[in-house]
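Asker: This structure is in structure tokens; I'll ask about it shortly.
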Amino acid sequence: MTPAPPGSNSVLRRITMVDVASAEAALAAGAEALAVTGVLPPGCLADLRARWPDRAVHLTLDGPDDPGLDGMLVVRPDGLLLRDARSGRDVAALGARLAVHEALHGLPDGACAILAAIRHPLGLLDARSFVGASPRLAGLGLDNHPSGDGYAGDQARCLVRLAAAAADVPAFALV
């Protein structure tokens with residue numbers, strides 16, 4: 001994901017959520033970036049990168065303690081999408097786990113970025129906690145927030161964009 005200019009709070013990316021079977025079709029249809037759920041078969045990420053080198057492919061985690069992280073760094077994704085991030089503490093905890101995994105896999109510290117997606121209202125109420133949570137934080141967005149459209153949805157999107165601007169990372173939209 002391309003970093004935003006300092007102080008930018010605009011939505012820079014639309015990240016398409018897909019399962020492994022739909023990843024190639026989503027990229028062929030023009031998806032800017034992917035957040036792939038499930039386990040990637042060996043060579044899948046390398047094939048996607050070879051065909052679409054300008055598109056980012058992130059893998060999804062359901063929380064900072066998701067056991068799926070153990071096999072994810074082996075394929076070297078562009079980053080991880082932390083779903084249902086409830087505060088900056090979740091991002092910090094995942095960042096600490098990533099540091100250990102990177103060391104074990106011979107990757108440089110900080111090689112894997114974190115995109116945090118807020119779903120729970122507690123995440124919105126504590127949105128400012130994402131500021132300074134981790135240097136790995138590369139974006140902040142909503143994870144299919146139940147407020148949806150209308151006034152509550154507008155307010156949720158505004159809070160996320162403000163928190164992203166304060167954290168000096170781009171806001172993103174999951175589609």
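Chain identifiers are assigned as A, B, and so on, following the order in which chains appear in the structure tokens; residues are numbered from 1 within each chain, and ligands are numbered from 1 in order of appearance.
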Please list as number ranges by chain every residue within 9 Å of stretch 91-105 of chain A, counting only C-alpha atoms and excluding residues in the same chain fewer than 5 positions away.

Answerer: A: 63-65, 69-70, 73-74, 82, 85-86, 110-116, 130, 133-137

Asker: Could those selected residues go to a file with C-alpha atoms, as a PDB file, in the first residue's frame?

Answerer:
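And here is the file that came out, selection_35.pdb:
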ATOM      1  CA  GLY A  63      -7.477 -10.853  15.788  1.00  0.00           C
ATOM      2  CA  PRO A  64      -4.000 -10.219  17.164  1.00  0.00           C
ATOM      3  CA  ASP A  65      -3.858 -13.755  18.611  1.00  0.00           C
ATOM      4  CA  LEU A  69      -0.238 -16.014  11.617  1.00  0.00           C
ATOM      5  CA  ASP A  70       2.177 -18.911  12.058  1.00  0.00           C
ATOM      6  CA  LEU A  73       4.772 -14.848   6.794  1.00  0.00           C
ATOM      7  CA  VAL A  74       6.284 -17.751   4.875  1.00  0.00           C
ATOM      8  CA  LEU A  82      -6.248  -7.141  11.226  1.00  0.00           C
ATOM      9  CA  ALA A  85      -9.333  -4.219  15.641  1.00  0.00           C
ATOM     10  CA  ARG A  86     -10.764  -2.810  18.859  1.00  0.00           C
ATOM     11  CA  GLY A 110       9.118  -4.263  10.182  1.00  0.00           C
ATOM     12  CA  ALA A 111       8.898  -6.088   6.834  1.00  0.00           C
ATOM     13  CA  CYS A 112       5.197  -6.854   7.278  1.00  0.00           C
ATOM     14  CA  ALA A 113       2.761  -3.941   7.512  1.00  0.00           C
ATOM     15  CA  ILE A 114      -0.541  -3.941   9.399  1.00  0.00           C
ATOM     16  CA  LEU A 115      -3.841  -2.615   8.115  1.00  0.00           C
ATOM     17  CA  ALA A 116      -6.323  -2.290  10.987  1.00  0.00           C
ATOM     18  CA  PHE A 130      -4.448   3.731  16.947  1.00  0.00           C
ATOM     19  CA  ALA A 133       0.193   2.143  18.243  1.00  0.00           C
ATOM     20  CA  SER A 134       2.904   0.712  15.976  1.00  0.00           C
ATOM     21  CA  PRO A 135       5.213   1.907  13.223  1.00  0.00           C
ATOM     22  CA  ARG A 136       3.811  -1.055  11.237  1.00  0.00           C
ATOM     23  CA  LEU A 137       0.354   0.536  11.020  1.00  0.00           C
TER      24      LEU A 137
END

Asker: Go through chain A and collect every residue that DSSP, computed from the backbone, puts in alpha helix (DSSP H); the answer should be as number ranges by chain.

Answerer: A: 23-28, 44-51, 69-72, 88-104, 121-125, 151-167

Asker: How would you write, as a list in words, the set of residues in stretch 43-101 of chain A that DSSP gives as strand (DSSP E)?

Answerer: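 Output for stretch 43-101 of chain A, strand (DSSP E) only: Ala56, Val57, His58, Leu59, Thr60, Leu61, Gly79, Leu80, Leu81 and Leu82 of chain A.
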
Asker: Wanna dump the stretch 28-137 of chain A-stretch 149-173 of chain A contacts at 9 Å for me, each residue with its shortest atom pair and the distance in Å to one decimal, counting only C-alpha atoms, ordered by chain and number, as a tab-separated table?

Answerer:
residue	atom	partner	partner_atom	distance
A:Leu115	CA	A:Phe172	CA	8.8
A:Ala117	CA	A:Phe172	CA	8.7
A:Ile118	CA	A:Val160	CA	8.1
A:Pro121	CA	A:Ala156	CA	8.8
A:Leu124	CA	A:Leu159	CA	6.8
A:Leu125	CA	A:Leu159	CA	8.7
A:Ala127	CA	A:Ala163	CA	5.8
A:Arg128	CA	A:Ala163	CA	5.6
A:Ser129	CA	A:Ala163	CA	8.4
A:Phe130	CA	A:Ala167	CA	6.7
A:Val131	CA	A:Ala167	CA	4.3
A:Gly132	CA	A:Ala167	CA	6.4
A:Ala133	CA	A:Ala167	CA	8.6
A:Leu137	CA	A:Val169	CA	7.3

Asker: Using only C-alpha atoms, pick whichever of A:Leu48, A:Leu61, A:Ala31, A:Leu107 has the shortest atom-to-atom distance to A:Asp90.

Answerer: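 The closest residue to A:Asp90 is A:Leu61.
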
Asker: Compile the contact shell of A:Met17 as a PyMOL selection string: residues with an atom at most 9 Å away, counting only C-alpha atoms, same-chain residues fewer than 4 positions apart removed.

Answerer: chain A and resi 23+33-37+60+174-175

Asker: Which one is closest to A:Ala28: A:Ala46, A:Asp126, A:Arg55, A:Asp66? Count only C-alpha atoms.

Answerer: A:Arg55
